[in-house]
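Enquirer: Got a structure for you, target.txt, holding compact mmCIF, N, CA and C atoms.
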# COMPACT_ATOMS: atom_id res chain seq x y z
N MET A 1 49.66 -20.36 -66.01
CA MET A 1 49.12 -20.50 -64.67
C MET A 1 49.43 -19.26 -63.84
N ASP A 2 50.63 -18.73 -63.98
CA ASP A 2 50.99 -17.54 -63.24
C ASP A 2 50.15 -16.34 -63.68
N ASN A 3 49.82 -16.26 -64.98
CA ASN A 3 48.98 -15.18 -65.48
C ASN A 3 47.56 -15.30 -64.92
N ASN A 4 47.04 -16.53 -64.80
CA ASN A 4 45.72 -16.74 -64.23
C ASN A 4 45.70 -16.32 -62.76
N HIS A 5 46.76 -16.63 -62.03
CA HIS A 5 46.86 -16.21 -60.63
C HIS A 5 46.88 -14.68 -60.53
N HIS A 6 47.56 -14.04 -61.47
CA HIS A 6 47.61 -12.58 -61.50
C HIS A 6 46.22 -11.99 -61.74
N ASN A 7 45.43 -12.60 -62.64
CA ASN A 7 44.08 -12.13 -62.91
C ASN A 7 43.18 -12.28 -61.69
N GLU A 8 43.31 -13.40 -60.96
CA GLU A 8 42.52 -13.60 -59.75
C GLU A 8 42.87 -12.54 -58.71
N LYS A 9 44.14 -12.28 -58.55
CA LYS A 9 44.58 -11.27 -57.60
C LYS A 9 44.05 -9.90 -58.02
N SER A 10 44.09 -9.64 -59.31
CA SER A 10 43.61 -8.37 -59.81
C SER A 10 42.12 -8.20 -59.57
N SER A 11 41.31 -9.24 -59.82
CA SER A 11 39.87 -9.12 -59.59
C SER A 11 39.57 -9.02 -58.10
N PHE A 12 40.33 -9.73 -57.28
CA PHE A 12 40.14 -9.62 -55.82
C PHE A 12 40.47 -8.20 -55.36
N GLU A 13 41.54 -7.63 -55.89
CA GLU A 13 41.91 -6.26 -55.54
C GLU A 13 40.86 -5.26 -56.01
N GLN A 14 40.26 -5.51 -57.17
CA GLN A 14 39.20 -4.63 -57.66
C GLN A 14 37.97 -4.71 -56.77
N ILE A 15 37.62 -5.90 -56.33
CA ILE A 15 36.48 -6.05 -55.41
C ILE A 15 36.78 -5.35 -54.09
N LYS A 16 37.99 -5.52 -53.60
CA LYS A 16 38.38 -4.88 -52.34
C LYS A 16 38.35 -3.36 -52.47
N SER A 17 38.81 -2.85 -53.61
CA SER A 17 38.79 -1.41 -53.86
C SER A 17 37.35 -0.89 -53.92
N ALA A 18 36.48 -1.63 -54.59
CA ALA A 18 35.07 -1.24 -54.66
C ALA A 18 34.43 -1.26 -53.28
N GLN A 19 34.73 -2.28 -52.49
CA GLN A 19 34.19 -2.36 -51.13
C GLN A 19 34.67 -1.21 -50.26
N THR A 20 35.91 -0.78 -50.45
CA THR A 20 36.43 0.36 -49.70
C THR A 20 35.66 1.63 -50.03
N MET A 21 35.42 1.86 -51.31
CA MET A 21 34.66 3.05 -51.72
C MET A 21 33.23 2.99 -51.18
N ILE A 22 32.63 1.82 -51.22
CA ILE A 22 31.27 1.64 -50.72
C ILE A 22 31.23 1.87 -49.21
N THR A 23 32.23 1.38 -48.51
CA THR A 23 32.30 1.58 -47.06
C THR A 23 32.45 3.05 -46.72
N ILE A 24 33.28 3.76 -47.47
CA ILE A 24 33.44 5.21 -47.25
C ILE A 24 32.10 5.91 -47.43
N ALA A 25 31.38 5.56 -48.48
CA ALA A 25 30.08 6.18 -48.73
C ALA A 25 29.09 5.84 -47.63
N THR A 26 29.10 4.60 -47.17
CA THR A 26 28.18 4.16 -46.13
C THR A 26 28.43 4.87 -44.81
N ILE A 27 29.68 5.13 -44.49
CA ILE A 27 30.02 5.79 -43.22
C ILE A 27 29.89 7.30 -43.34
N ALA A 28 30.35 7.87 -44.44
CA ALA A 28 30.37 9.32 -44.58
C ALA A 28 28.98 9.94 -44.70
N ALA A 29 28.05 9.23 -45.30
CA ALA A 29 26.70 9.80 -45.49
C ALA A 29 26.02 10.13 -44.16
N PRO A 30 25.89 9.18 -43.23
CA PRO A 30 25.23 9.54 -41.97
C PRO A 30 26.07 10.49 -41.10
N VAL A 31 27.39 10.36 -41.16
CA VAL A 31 28.24 11.25 -40.38
C VAL A 31 28.08 12.69 -40.86
N SER A 32 27.86 12.88 -42.15
CA SER A 32 27.71 14.23 -42.69
C SER A 32 26.47 14.93 -42.15
N LEU A 33 25.49 14.17 -41.69
CA LEU A 33 24.30 14.79 -41.10
C LEU A 33 24.61 15.39 -39.73
N ILE A 34 25.58 14.83 -39.02
CA ILE A 34 25.95 15.34 -37.70
C ILE A 34 26.98 16.45 -37.82
N PHE A 35 28.06 16.19 -38.51
CA PHE A 35 29.05 17.22 -38.80
C PHE A 35 29.70 16.89 -40.12
N GLY A 36 30.15 17.88 -40.80
CA GLY A 36 30.74 17.69 -42.12
C GLY A 36 29.92 18.31 -43.21
N GLY A 37 28.61 18.22 -43.07
CA GLY A 37 27.69 18.90 -43.97
C GLY A 37 27.78 18.49 -45.42
N VAL A 38 27.61 19.48 -46.28
CA VAL A 38 27.49 19.24 -47.71
C VAL A 38 28.77 18.64 -48.28
N LEU A 39 29.92 19.08 -47.82
CA LEU A 39 31.18 18.58 -48.38
C LEU A 39 31.33 17.08 -48.13
N LEU A 40 31.10 16.64 -46.91
CA LEU A 40 31.25 15.22 -46.59
C LEU A 40 30.18 14.38 -47.30
N SER A 41 28.96 14.88 -47.38
CA SER A 41 27.94 14.11 -48.09
C SER A 41 28.21 14.09 -49.59
N ALA A 42 28.83 15.13 -50.13
CA ALA A 42 29.21 15.13 -51.55
C ALA A 42 30.31 14.11 -51.80
N ILE A 43 31.25 14.00 -50.87
CA ILE A 43 32.31 12.99 -50.99
C ILE A 43 31.69 11.59 -50.97
N ALA A 44 30.75 11.39 -50.06
CA ALA A 44 30.06 10.09 -49.99
C ALA A 44 29.29 9.84 -51.28
N PHE A 45 28.66 10.88 -51.80
CA PHE A 45 27.87 10.76 -53.02
C PHE A 45 28.75 10.41 -54.23
N ILE A 46 30.00 10.82 -54.19
CA ILE A 46 30.94 10.47 -55.26
C ILE A 46 31.48 9.05 -55.07
N CYS A 47 31.81 8.71 -53.84
CA CYS A 47 32.40 7.39 -53.56
C CYS A 47 31.42 6.25 -53.85
N GLY A 48 30.14 6.44 -53.58
CA GLY A 48 29.16 5.39 -53.83
C GLY A 48 29.10 4.94 -55.28
N PRO A 49 28.84 5.85 -56.22
CA PRO A 49 28.82 5.45 -57.63
C PRO A 49 30.17 4.95 -58.16
N VAL A 50 31.27 5.52 -57.65
CA VAL A 50 32.59 5.05 -58.08
C VAL A 50 32.78 3.60 -57.65
N GLY A 51 32.40 3.28 -56.41
CA GLY A 51 32.48 1.91 -55.93
C GLY A 51 31.60 0.97 -56.73
N ARG A 52 30.41 1.43 -57.08
CA ARG A 52 29.48 0.62 -57.89
C ARG A 52 30.07 0.36 -59.27
N LYS A 53 30.66 1.40 -59.87
CA LYS A 53 31.25 1.25 -61.20
C LYS A 53 32.43 0.27 -61.16
N ARG A 54 33.24 0.37 -60.13
CA ARG A 54 34.37 -0.56 -59.99
C ARG A 54 33.87 -1.99 -59.81
N LEU A 55 32.79 -2.14 -59.07
CA LEU A 55 32.24 -3.46 -58.82
C LEU A 55 31.68 -4.08 -60.10
N LEU A 56 31.06 -3.25 -60.94
CA LEU A 56 30.47 -3.76 -62.18
C LEU A 56 31.54 -4.20 -63.19
N LYS A 57 32.74 -3.67 -63.07
CA LYS A 57 33.82 -4.03 -63.99
C LYS A 57 34.39 -5.41 -63.72
N VAL A 58 34.17 -5.93 -62.52
CA VAL A 58 34.79 -7.19 -62.11
C VAL A 58 33.93 -8.36 -62.57
N THR A 59 34.58 -9.36 -63.14
CA THR A 59 33.91 -10.63 -63.42
C THR A 59 34.49 -11.66 -62.47
N PRO A 60 33.65 -12.21 -61.59
CA PRO A 60 34.18 -13.15 -60.60
C PRO A 60 34.67 -14.44 -61.25
N SER A 61 35.80 -14.92 -60.77
CA SER A 61 36.38 -16.13 -61.34
C SER A 61 36.17 -17.35 -60.45
N ASN A 62 35.68 -17.13 -59.22
CA ASN A 62 35.41 -18.26 -58.33
C ASN A 62 34.24 -17.91 -57.41
N ALA A 63 33.83 -18.87 -56.61
CA ALA A 63 32.66 -18.70 -55.74
C ALA A 63 32.90 -17.66 -54.66
N ALA A 64 34.12 -17.57 -54.14
CA ALA A 64 34.41 -16.60 -53.09
C ALA A 64 34.26 -15.18 -53.60
N GLU A 65 34.75 -14.94 -54.81
CA GLU A 65 34.62 -13.61 -55.40
C GLU A 65 33.17 -13.29 -55.72
N ALA A 66 32.42 -14.28 -56.17
CA ALA A 66 31.00 -14.07 -56.46
C ALA A 66 30.23 -13.72 -55.20
N THR A 67 30.54 -14.37 -54.11
CA THR A 67 29.89 -14.07 -52.83
C THR A 67 30.25 -12.68 -52.35
N ALA A 68 31.53 -12.31 -52.48
CA ALA A 68 31.97 -10.98 -52.09
C ALA A 68 31.29 -9.91 -52.94
N MET A 69 31.11 -10.18 -54.22
CA MET A 69 30.45 -9.23 -55.10
C MET A 69 28.97 -9.07 -54.76
N GLN A 70 28.30 -10.18 -54.41
CA GLN A 70 26.89 -10.11 -54.03
C GLN A 70 26.72 -9.28 -52.76
N SER A 71 27.61 -9.49 -51.81
CA SER A 71 27.56 -8.73 -50.57
C SER A 71 27.80 -7.24 -50.83
N ALA A 72 28.77 -6.95 -51.68
CA ALA A 72 29.07 -5.55 -52.00
C ALA A 72 27.92 -4.91 -52.79
N ALA A 73 27.26 -5.68 -53.64
CA ALA A 73 26.14 -5.16 -54.42
C ALA A 73 24.98 -4.75 -53.51
N LYS A 74 24.73 -5.53 -52.47
CA LYS A 74 23.69 -5.16 -51.50
C LYS A 74 24.10 -3.89 -50.75
N SER A 75 25.35 -3.81 -50.38
CA SER A 75 25.84 -2.65 -49.64
C SER A 75 25.79 -1.38 -50.47
N VAL A 76 26.09 -1.49 -51.76
CA VAL A 76 26.13 -0.30 -52.59
C VAL A 76 24.74 0.30 -52.77
N LYS A 77 23.71 -0.53 -52.85
CA LYS A 77 22.35 0.00 -52.96
C LYS A 77 22.00 0.83 -51.73
N MET A 78 22.29 0.30 -50.56
CA MET A 78 22.00 1.01 -49.32
C MET A 78 22.85 2.27 -49.20
N ALA A 79 24.11 2.20 -49.60
CA ALA A 79 24.99 3.36 -49.54
C ALA A 79 24.49 4.47 -50.45
N LEU A 80 24.05 4.12 -51.65
CA LEU A 80 23.56 5.13 -52.59
C LEU A 80 22.30 5.80 -52.07
N ILE A 81 21.41 5.03 -51.46
CA ILE A 81 20.19 5.62 -50.88
C ILE A 81 20.56 6.57 -49.75
N MET A 82 21.47 6.15 -48.87
CA MET A 82 21.88 7.01 -47.76
C MET A 82 22.57 8.28 -48.27
N CYS A 83 23.37 8.16 -49.32
CA CYS A 83 24.07 9.32 -49.87
C CYS A 83 23.10 10.34 -50.44
N VAL A 84 22.10 9.88 -51.16
CA VAL A 84 21.11 10.79 -51.74
C VAL A 84 20.34 11.50 -50.64
N ILE A 85 19.93 10.77 -49.62
CA ILE A 85 19.19 11.37 -48.51
C ILE A 85 20.06 12.38 -47.77
N ALA A 86 21.29 12.00 -47.44
CA ALA A 86 22.18 12.89 -46.70
C ALA A 86 22.51 14.15 -47.48
N LEU A 87 22.82 13.99 -48.77
CA LEU A 87 23.15 15.17 -49.58
C LEU A 87 21.94 16.09 -49.72
N SER A 88 20.76 15.51 -49.90
CA SER A 88 19.55 16.32 -50.00
C SER A 88 19.30 17.10 -48.72
N LEU A 89 19.38 16.43 -47.58
CA LEU A 89 19.14 17.11 -46.31
C LEU A 89 20.19 18.18 -46.03
N ASN A 90 21.43 17.89 -46.36
CA ASN A 90 22.49 18.88 -46.14
C ASN A 90 22.34 20.08 -47.06
N LEU A 91 21.94 19.86 -48.29
CA LEU A 91 21.72 20.99 -49.21
C LEU A 91 20.54 21.84 -48.76
N ILE A 92 19.47 21.20 -48.31
CA ILE A 92 18.31 21.95 -47.80
C ILE A 92 18.72 22.76 -46.58
N SER A 93 19.47 22.15 -45.68
CA SER A 93 19.93 22.85 -44.48
C SER A 93 20.83 24.03 -44.83
N ALA A 94 21.75 23.82 -45.75
CA ALA A 94 22.64 24.92 -46.16
C ALA A 94 21.85 26.04 -46.81
N TYR A 95 20.87 25.70 -47.62
CA TYR A 95 20.03 26.71 -48.27
C TYR A 95 19.24 27.52 -47.24
N MET A 96 18.72 26.83 -46.23
CA MET A 96 17.94 27.53 -45.20
C MET A 96 18.83 28.39 -44.30
N MET A 97 20.08 27.99 -44.10
CA MET A 97 20.98 28.74 -43.23
C MET A 97 21.73 29.86 -43.96
N TYR A 98 21.71 29.86 -45.27
CA TYR A 98 22.47 30.83 -46.05
C TYR A 98 22.13 32.28 -45.69
N PRO A 99 20.85 32.68 -45.58
CA PRO A 99 20.56 34.07 -45.20
C PRO A 99 21.13 34.43 -43.82
N ALA A 100 21.11 33.49 -42.89
CA ALA A 100 21.67 33.77 -41.56
C ALA A 100 23.18 33.97 -41.64
N TYR A 101 23.85 33.18 -42.47
CA TYR A 101 25.29 33.35 -42.64
C TYR A 101 25.61 34.71 -43.26
N ILE A 102 24.87 35.09 -44.26
CA ILE A 102 25.09 36.39 -44.90
C ILE A 102 24.85 37.52 -43.90
N GLU A 103 23.78 37.43 -43.15
CA GLU A 103 23.50 38.46 -42.14
C GLU A 103 24.59 38.52 -41.09
N LEU A 104 25.08 37.37 -40.69
CA LEU A 104 26.17 37.31 -39.72
C LEU A 104 27.42 38.00 -40.26
N LEU A 105 27.73 37.76 -41.50
CA LEU A 105 28.91 38.39 -42.10
C LEU A 105 28.74 39.89 -42.26
N GLN A 106 27.52 40.33 -42.54
CA GLN A 106 27.28 41.76 -42.75
C GLN A 106 27.18 42.55 -41.45
N THR A 107 26.91 41.89 -40.35
CA THR A 107 26.73 42.60 -39.08
C THR A 107 27.92 42.43 -38.14
N ALA A 108 29.09 42.35 -38.67
CA ALA A 108 30.35 42.36 -37.91
C ALA A 108 30.72 41.02 -37.30
N GLY A 109 30.16 39.95 -37.75
CA GLY A 109 30.64 38.62 -37.37
C GLY A 109 30.18 38.10 -36.04
N THR A 110 30.99 37.25 -35.47
CA THR A 110 30.59 36.51 -34.27
C THR A 110 30.72 37.31 -32.99
N ALA A 111 31.44 38.39 -32.99
CA ALA A 111 31.60 39.18 -31.77
C ALA A 111 30.25 39.72 -31.30
N ASP A 112 29.41 40.17 -32.21
CA ASP A 112 28.10 40.68 -31.83
C ASP A 112 27.22 39.59 -31.26
N ILE A 113 27.31 38.41 -31.78
CA ILE A 113 26.48 37.31 -31.29
C ILE A 113 26.87 36.93 -29.88
N SER A 114 28.16 36.82 -29.61
CA SER A 114 28.60 36.39 -28.28
C SER A 114 28.27 37.45 -27.22
N THR A 115 28.37 38.72 -27.55
CA THR A 115 28.06 39.75 -26.56
C THR A 115 26.56 39.89 -26.36
N SER A 116 25.76 39.69 -27.39
CA SER A 116 24.31 39.82 -27.24
C SER A 116 23.75 38.69 -26.41
N THR A 117 24.30 37.50 -26.51
CA THR A 117 23.77 36.40 -25.71
C THR A 117 24.17 36.55 -24.24
N VAL A 118 25.33 37.11 -24.00
CA VAL A 118 25.77 37.29 -22.62
C VAL A 118 24.93 38.38 -21.93
N THR A 119 24.62 39.46 -22.61
CA THR A 119 23.89 40.56 -21.97
C THR A 119 22.41 40.24 -21.77
N THR A 120 21.85 39.34 -22.57
CA THR A 120 20.42 39.06 -22.42
C THR A 120 20.15 37.98 -21.39
N GLN A 121 21.13 37.20 -21.02
CA GLN A 121 20.91 36.15 -20.03
C GLN A 121 21.20 36.68 -18.63
N SER A 122 20.37 36.30 -17.69
CA SER A 122 20.65 36.69 -16.31
C SER A 122 21.48 35.58 -15.66
N SER A 123 22.32 35.97 -14.76
CA SER A 123 23.21 35.02 -14.12
C SER A 123 23.04 35.08 -12.61
N ILE A 124 23.13 33.97 -11.99
CA ILE A 124 23.07 33.89 -10.52
C ILE A 124 24.32 34.50 -9.89
N TRP A 125 25.42 34.38 -10.58
CA TRP A 125 26.70 34.77 -10.03
C TRP A 125 27.01 36.26 -10.21
N GLY A 126 26.11 36.99 -10.80
CA GLY A 126 26.29 38.44 -10.91
C GLY A 126 26.91 38.80 -12.15
Now that the file is in, can you turn its structure into structure tokens?
Expert:
Amino acid sequence: MDNNHHNEKSSFEQIKSAQTMITIATIAAPVSLIFGGVLLSAIAFICGPVGRKRLLKVTPSNAAEATAMQSAAKSVKMALIMCVIALSLNLISAYMMYPAYIELLQTAGTADISTSTVTTQSSIWG
């Protein structure tokens, strides 16, 4: 009986671990579009499939675990879709910005940008 209780606890912990990975993927994917970029969306892209794999390893032993697994299965599909979209958009953005970054590095960095914007704008205050 004690061994059976240990197995239930273990499967519950596995479901909880899978849900944590899925939640990370669900939150990190859209956040990476605002800030974080490719690195954060790559982390989300890794967490989603890892959570799905952990979820598939679990065999529910009662109705509560089965319900939790069904809920997590729905979440993982949405998380994976969001991860693919976020990673794709971030990679496209990084690819489009790469020439600007290289030019910035070759033309003495950010000091030139800050001085050029100040001199081209007119100010009321003189």
Enquirer: Pick from A:Leu80, A:Ala86, A:Met21, A:Ala66: nearest to Ala42 (chain A), with all atoms listed in the file counted?
Expert: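 Once distances to Ala42 (chain A) are computed over all atoms listed in the file, the minimum belongs to A:Ala86.
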Enquirer: Measure the distance from CA of Ala44 (chain A) to CA of Ile24 (chain A) in Å and round it to one decimal.
Expert: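 The value is 6.5 Å.
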Enquirer: Which residues of region 49-117 of chain A have any atom within 8 Å of an atom in region 30-41 of chain A when counting all atoms listed in the file, and what is the closest pair of atoms for each, with the distance in Å to one decimal? Order the rows by chain and rising number and write it as a Markdown table.
Expert:
| residue | atom | partner | partner_atom | distance |
| --- | --- | --- | --- | --- |
| A:Met82 | C | A:Pro30 | N | 6.1 |
| A:Cys83 | CA | A:Ser41 | C | 6.3 |
| A:Val84 | N | A:Ser41 | C | 7.6 |
| A:Ala86 | C | A:Ser41 | CA | 5.5 |
| A:Leu87 | CA | A:Ser41 | CA | 5.1 |
| A:Ser88 | N | A:Ser41 | CA | 7.5 |
| A:Leu89 | C | A:Leu33 | CA | 7.3 |
| A:Asn90 | CA | A:Val38 | N | 5.2 |
| A:Leu91 | N | A:Val38 | CA | 5.6 |
| A:Ala94 | N | A:Val38 | N | 7.3 |
Enquirer: First collect every listed atom of region 16-34 of chain A; then fit an axis-aligned box around them, widen it by 3 Å on each side, and give centre and edge lengths in Å to one decimal, as AutoDock Vina command-line options.
Expert:
--center_x 31.6 --center_y 5.5 --center_z -46.2 --size_x 20.5 --size_y 28.0 --size_z 23.0
Enquirer: Measuring atom to atom with only C-alpha atoms, identify which of A:Pro60, A:Ile102, A:Ala25, A:Lys16 is nearest to Ile81 (chain A).
Expert: A:Ala25
Enquirer: Can you work out the spacing between atom C of Ser71 (chain A) and atom N of Leu55 (chain A) in Å, to one decimal?
Expert: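 Value for the atom C of Ser71 (chain A)-atom N of Leu55 (chain A) distance: 10.9 Å.
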Enquirer: At what distance in Å, to one decimal, does atom C of Ile85 (chain A) lie from atom C of Ala68 (chain A)?
Expert: 25.5 Å
Enquirer: Nearest to Val76 (chain A): which of A:Ala28, A:Val50, A:Ala63, A:Leu104 is it, counting only C-alpha atoms?
Expert: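 Checking each candidate against Val76 (chain A), we get A:Val50 as the closest.
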Enquirer: Would you please work out which residue, of A:Tyr95, A:Arg52, A:Met78, A:Glu65, is nearest to Phe12 (chain A) when using only N, CA and C atoms?
Expert: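 The answer is A:Glu65, which sits nearest to Phe12 (chain A).
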Enquirer: Would you please extract all helix (DSSP H, G or I) residues from region 43-72 of chain A, as assigned by DSSP on the backbone, and give them as a list of chain:residue names?
Expert: A:Ile43, A:Ala44, A:Phe45, A:Ile46, A:Cys47, A:Gly48, A:Pro49, A:Val50, A:Gly51, A:Arg52, A:Lys53, A:Arg54, A:Leu55, A:Leu56, A:Lys57, A:Ala63, A:Ala64, A:Glu65, A:Ala66, A:Thr67, A:Ala68, A:Met69, A:Gln70, A:Ser71, A:Ala72
Enquirer: Would you please work out which residue, of A:Ile92, A:Val58, A:Ala100, A:Ala72, is nearest to Ile22 (chain A) when using only N, CA and C atoms?
Expert: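 Under the stated criterion, the closest residue is A:Ala72.
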